[in-house]
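Here's the structure, in structure tokens; my notes come after.
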Amino acid sequence: MFKSNCHTHTLYCDGKNTAREMVEAAIGKGFISLGFSGHSPMKQENEWTMSVDDTQKYIAEINTLKEEFSDKIDILCGIELDSYFCGINPDDFDYVIGSVHQFEKDGTFYDIDYTAEHLKKAVDEIFDGSFNKMSKSYYSALADFIISTKVDVVGHIDLITKFNLDTFLFEETDEEYRSYALEAVDRIITAKPDILFEVNTGAMFRIGKKTPYPAPFILRHIFEKGGRVTLTSDSHSIESIDFAFEEAVEFIKKIGFEEIFYLTKSGIKSIKIVELYK
Ligand SMILES: [Zn+2]
Ligand SMILES: [Zn+2]
């Protein structure tokens, strides 16, 4: 199966395990590479992000682990950079996942992926109760951020659907909704054709979402535009380091992709999907 994951959290942010425990779990699974992606410090301090001081400790510890386990696994020190990041330099990391987790209005920050109620509050207070207005704003902010910043991997592109099980919040087949998501994909691929879009199983583990991010219509569009994908578990604990990877590989294969990219110490590599079944 696919033996890599570049989206990994630890106790430095909102993960449940130490970086060392995550490395040992990955080695136990026979992983080729493991990338850490702690949540970047943000303009508004959060319990789920690293502080600026902790980010320095995080870099130091990951670098120690890199050396210690260099004969067993490729370890990379990345960051999950939020569009409202502050106090750090993206160039200090081996790679960057670019994500949008919040909206901001008049200095107040609203969480997108904390609970359905938090997202609804943002829709009501910022977007006049309109999920389409919210979607338009989210996707254009994400594309602006990815295009203007050093980002190597697009994080959970349709994160706003996290709590939309059984279309609880809005209709994802709506043409207007879909046009905003597809426009973001087009803008990102035009500006950065080699960027990786992640197929992310995180919400399958955490809240029982049925399929990974992104939704099939988005992933199909990425495929048709010649985009590249990686597979991640957005893992917050040792139990989920390769959660639902078999299902996700099937999902990627069904869309038409023939290879999946992954990060190593010597750069981005890819594996043919047929090889994953041998
Ligand atoms: Zn995230
Ligand atoms: Zn994450």
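Ligands are numbered from 1 in the order shown, residues from 1 within each chain, and chains are lettered A, B, ... in the order they appear in the structure tokens.
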
Per-residue DSSP, stretch 21-213 of chain A, filtered to strand (DSSP E or B), as a VMD selection string: chain A and resid 33 to 39 42 74 to 82 85 95 to 99 102 to 105 108 to 111 153 to 154 196 to 200 213

Please check which protein, DNA or RNA residues sit within 8 Å of ligand 1, counting only C-alpha atoms and all ligand atoms, and write them as a ChimeraX atom specification. /A:39,80,82,99-101,155-156,159,234

Just want the 9 Å neighbourhood of A:Ile88, counted on only C-alpha atoms, with same-chain residues fewer than 4 positions away dropped. Output as a PyMOL selection string. chain A and resi 40-41+52+55+92

Put those residues in a file: all heavy atoms, as a PDB file, in the first residue's frame.
```pdb
ATOM      1  N   SER A  40       0.734  26.112  11.864  1.00  0.00           N
ATOM      2  CA  SER A  40       1.529  27.337  12.029  1.00  0.00           C
ATOM      3  C   SER A  40       0.899  28.251  13.080  1.00  0.00           C
ATOM      4  O   SER A  40      -0.323  28.254  13.258  1.00  0.00           O
ATOM      5  CB  SER A  40       1.594  28.088  10.698  1.00  0.00           C
ATOM      6  OG  SER A  40       0.299  28.510  10.302  1.00  0.00           O
ATOM      7  N   PRO A  41       1.732  29.056  13.761  1.00  0.00           N
ATOM      8  CA  PRO A  41       1.172  30.098  14.625  1.00  0.00           C
ATOM      9  C   PRO A  41       0.288  31.018  13.771  1.00  0.00           C
ATOM     10  O   PRO A  41       0.549  31.202  12.584  1.00  0.00           O
ATOM     11  CB  PRO A  41       2.404  30.865  15.119  1.00  0.00           C
ATOM     12  CG  PRO A  41       3.572  29.990  14.842  1.00  0.00           C
ATOM     13  CD  PRO A  41       3.197  29.105  13.705  1.00  0.00           C
ATOM     14  N   VAL A  52       4.937  30.571  18.482  1.00  0.00           N
ATOM     15  CA  VAL A  52       6.186  30.856  17.760  1.00  0.00           C
ATOM     16  C   VAL A  52       7.347  30.133  18.442  1.00  0.00           C
ATOM     17  O   VAL A  52       8.190  29.511  17.778  1.00  0.00           O
ATOM     18  CB  VAL A  52       6.433  32.385  17.678  1.00  0.00           C
ATOM     19  CG1 VAL A  52       7.796  32.672  17.063  1.00  0.00           C
ATOM     20  CG2 VAL A  52       5.327  33.048  16.850  1.00  0.00           C
ATOM     21  N   THR A  55       7.307  26.446  17.798  1.00  0.00           N
ATOM     22  CA  THR A  55       7.682  26.114  16.423  1.00  0.00           C
ATOM     23  C   THR A  55       9.191  25.894  16.330  1.00  0.00           C
ATOM     24  O   THR A  55       9.651  24.983  15.626  1.00  0.00           O
ATOM     25  CB  THR A  55       7.223  27.218  15.441  1.00  0.00           C
ATOM     26  OG1 THR A  55       5.815  27.419  15.626  1.00  0.00           O
ATOM     27  CG2 THR A  55       7.484  26.825  14.000  1.00  0.00           C
ATOM     28  N   ASP A  92      11.782  28.279   6.271  1.00  0.00           N
ATOM     29  CA  ASP A  92      12.487  27.490   7.289  1.00  0.00           C
ATOM     30  C   ASP A  92      12.067  26.017   7.297  1.00  0.00           C
ATOM     31  O   ASP A  92      12.533  25.256   8.150  1.00  0.00           O
ATOM     32  CB  ASP A  92      12.220  28.068   8.690  1.00  0.00           C
ATOM     33  CG  ASP A  92      12.878  29.416   8.875  1.00  0.00           C
ATOM     34  OD1 ASP A  92      13.761  29.757   8.061  1.00  0.00           O
ATOM     35  OD2 ASP A  92      12.506  30.147   9.823  1.00  0.00           O
TER      36      ASP A  92
END
```

A:Ile222, A:Ile260, A:Leu196, A:Leu34 ranked by distance to A:Val153, top pick (using only C-alpha atoms): A:Leu196

Can I get the residues close to ligand 2 as a short mmCIF file (atom, residue, chain, number, x, y, z; two decimals) with N, CA, C and O atoms, in the first residue's frame, where close means within 10 Å and we count only C-alpha atoms and all ligand atoms?
```
data_model
loop_
_atom_site.label_atom_id
_atom_site.label_comp_id
_atom_site.auth_asym_id
_atom_site.auth_seq_id
_atom_site.Cartn_x
_atom_site.Cartn_y
_atom_site.Cartn_z
N CYS A 6 2.48 13.05 4.40
CA CYS A 6 3.16 14.33 4.68
C CYS A 6 2.28 15.25 5.53
O CYS A 6 2.61 16.42 5.69
N HIS A 7 1.17 14.73 6.06
CA HIS A 7 0.28 15.58 6.85
C HIS A 7 0.13 14.96 8.23
O HIS A 7 -0.74 14.12 8.47
N THR A 8 1.00 15.37 9.15
CA THR A 8 1.11 14.74 10.46
C THR A 8 1.19 15.80 11.56
O THR A 8 2.00 16.72 11.46
N HIS A 9 0.36 15.64 12.58
CA HIS A 9 0.38 16.57 13.73
C HIS A 9 0.90 15.86 14.98
O HIS A 9 0.83 14.63 15.08
N CYS A 13 1.05 20.80 18.47
CA CYS A 13 -0.19 21.54 18.17
C CYS A 13 -1.35 20.73 18.75
O CYS A 13 -1.44 20.59 19.97
N ASP A 14 -2.23 20.20 17.91
CA ASP A 14 -3.41 19.50 18.44
C ASP A 14 -3.34 17.99 18.27
O ASP A 14 -4.37 17.31 18.35
N GLY A 15 -2.13 17.45 18.03
CA GLY A 15 -1.99 16.00 17.93
C GLY A 15 -2.00 15.35 19.31
O GLY A 15 -1.91 16.03 20.33
N PHE A 36 6.22 15.92 8.85
CA PHE A 36 5.48 16.59 9.93
C PHE A 36 4.96 17.93 9.43
O PHE A 36 5.64 18.64 8.69
N SER A 37 3.76 18.26 9.87
CA SER A 37 3.11 19.49 9.38
C SER A 37 2.33 20.14 10.52
O SER A 37 1.10 20.22 10.48
N GLY A 38 3.07 20.57 11.54
CA GLY A 38 2.42 21.25 12.68
C GLY A 38 1.66 22.48 12.21
O GLY A 38 2.04 23.12 11.23
N HIS A 39 0.57 22.81 12.92
CA HIS A 39 -0.20 24.01 12.57
C HIS A 39 0.63 25.26 12.85
O HIS A 39 1.13 25.44 13.97
N TRP A 48 -5.06 25.00 19.13
CA TRP A 48 -4.74 23.97 18.13
C TRP A 48 -3.55 24.33 17.24
O TRP A 48 -3.17 23.56 16.37
N ILE A 79 5.31 22.24 7.48
CA ILE A 79 4.38 23.03 8.30
C ILE A 79 3.04 23.09 7.58
O ILE A 79 3.00 23.10 6.35
N GLU A 80 1.94 23.07 8.35
CA GLU A 80 0.63 23.34 7.75
C GLU A 80 0.40 24.83 7.95
O GLU A 80 0.06 25.29 9.05
N LEU A 81 0.67 25.56 6.91
CA LEU A 81 0.65 27.02 6.97
C LEU A 81 -0.77 27.52 6.72
O LEU A 81 -1.34 27.27 5.66
N ASP A 82 -1.31 28.22 7.71
CA ASP A 82 -2.64 28.78 7.53
C ASP A 82 -2.52 30.16 6.87
O ASP A 82 -1.52 30.85 7.04
N ILE A 97 2.36 22.86 3.53
CA ILE A 97 0.97 22.57 3.16
C ILE A 97 0.21 23.89 3.38
O ILE A 97 0.30 24.48 4.45
N GLY A 98 -0.50 24.34 2.37
CA GLY A 98 -1.25 25.60 2.50
C GLY A 98 -2.72 25.33 2.74
O GLY A 98 -3.36 24.64 1.95
N SER A 99 -3.25 25.86 3.85
CA SER A 99 -4.64 25.60 4.24
C SER A 99 -5.32 26.89 4.71
O SER A 99 -4.66 27.80 5.20
N HIS A 101 -8.23 27.78 7.46
CA HIS A 101 -9.06 27.21 8.55
C HIS A 101 -9.99 28.24 9.18
O HIS A 101 -10.75 27.90 10.08
N GLY A 155 -3.80 21.99 1.02
CA GLY A 155 -4.43 21.27 2.13
C GLY A 155 -5.94 21.17 1.96
O GLY A 155 -6.60 22.14 1.60
N HIS A 156 -6.48 19.96 2.22
CA HIS A 156 -7.94 19.71 2.25
C HIS A 156 -8.76 20.80 1.55
O HIS A 156 -9.43 21.60 2.19
N ASN A 200 -7.15 13.63 1.32
CA ASN A 200 -6.93 13.69 2.77
C ASN A 200 -8.03 12.88 3.48
O ASN A 200 -9.22 13.20 3.37
N GLY A 202 -8.36 12.55 6.75
CA GLY A 202 -8.45 12.96 8.16
C GLY A 202 -9.85 12.94 8.75
O GLY A 202 -10.07 12.43 9.86
N THR A 232 -2.78 11.71 2.00
CA THR A 232 -2.40 11.99 3.39
C THR A 232 -3.53 11.56 4.33
O THR A 232 -4.68 11.44 3.93
N SER A 233 -3.15 11.39 5.61
CA SER A 233 -4.15 11.02 6.61
C SER A 233 -4.44 12.18 7.57
O SER A 233 -5.25 12.02 8.48
N ASP A 234 -3.78 13.34 7.38
CA ASP A 234 -3.97 14.45 8.32
C ASP A 234 -3.99 13.89 9.74
O ASP A 234 -4.89 14.15 10.53
N SER A 235 -2.96 13.09 10.03
CA SER A 235 -2.98 12.27 11.23
C SER A 235 -2.68 13.07 12.50
O SER A 235 -1.73 13.84 12.55
N HIS A 236 -3.52 12.85 13.51
CA HIS A 236 -3.32 13.49 14.81
C HIS A 236 -2.95 12.46 15.88
O HIS A 236 -2.85 12.80 17.05
#
```

From the DSSP assignment of the backbone, select every residue of stretch 65-267 of chain A that is alpha helix (DSSP H), and format the answer as JSON, numbers by chain. {"A": [65, 66, 67, 68, 116, 117, 118, 119, 120, 121, 122, 123, 124, 125, 126, 131, 132, 133, 134, 135, 136, 137, 138, 139, 140, 141, 142, 143, 144, 145, 146, 147, 148, 175, 176, 177, 178, 179, 180, 181, 182, 183, 184, 185, 186, 187, 188, 189, 190, 191, 202, 203, 204, 205, 206, 207, 216, 217, 218, 219, 220, 221, 222, 223, 224, 245, 246, 247, 248, 249, 250, 251, 252, 253, 254, 255]}

Which residue of A:Ile207, A:Glu175, A:Val229, A:Ala122 approaches A:Val154 most closely, using only C-alpha atoms: A:Val229

Residues at most 12 Å from A:Lys210, counting only C-alpha atoms, excluding those fewer than 3 positions away in the same chain, as a PyMOL selection string? chain A and resi 161-166+200-207+213-216+244+247-248+251
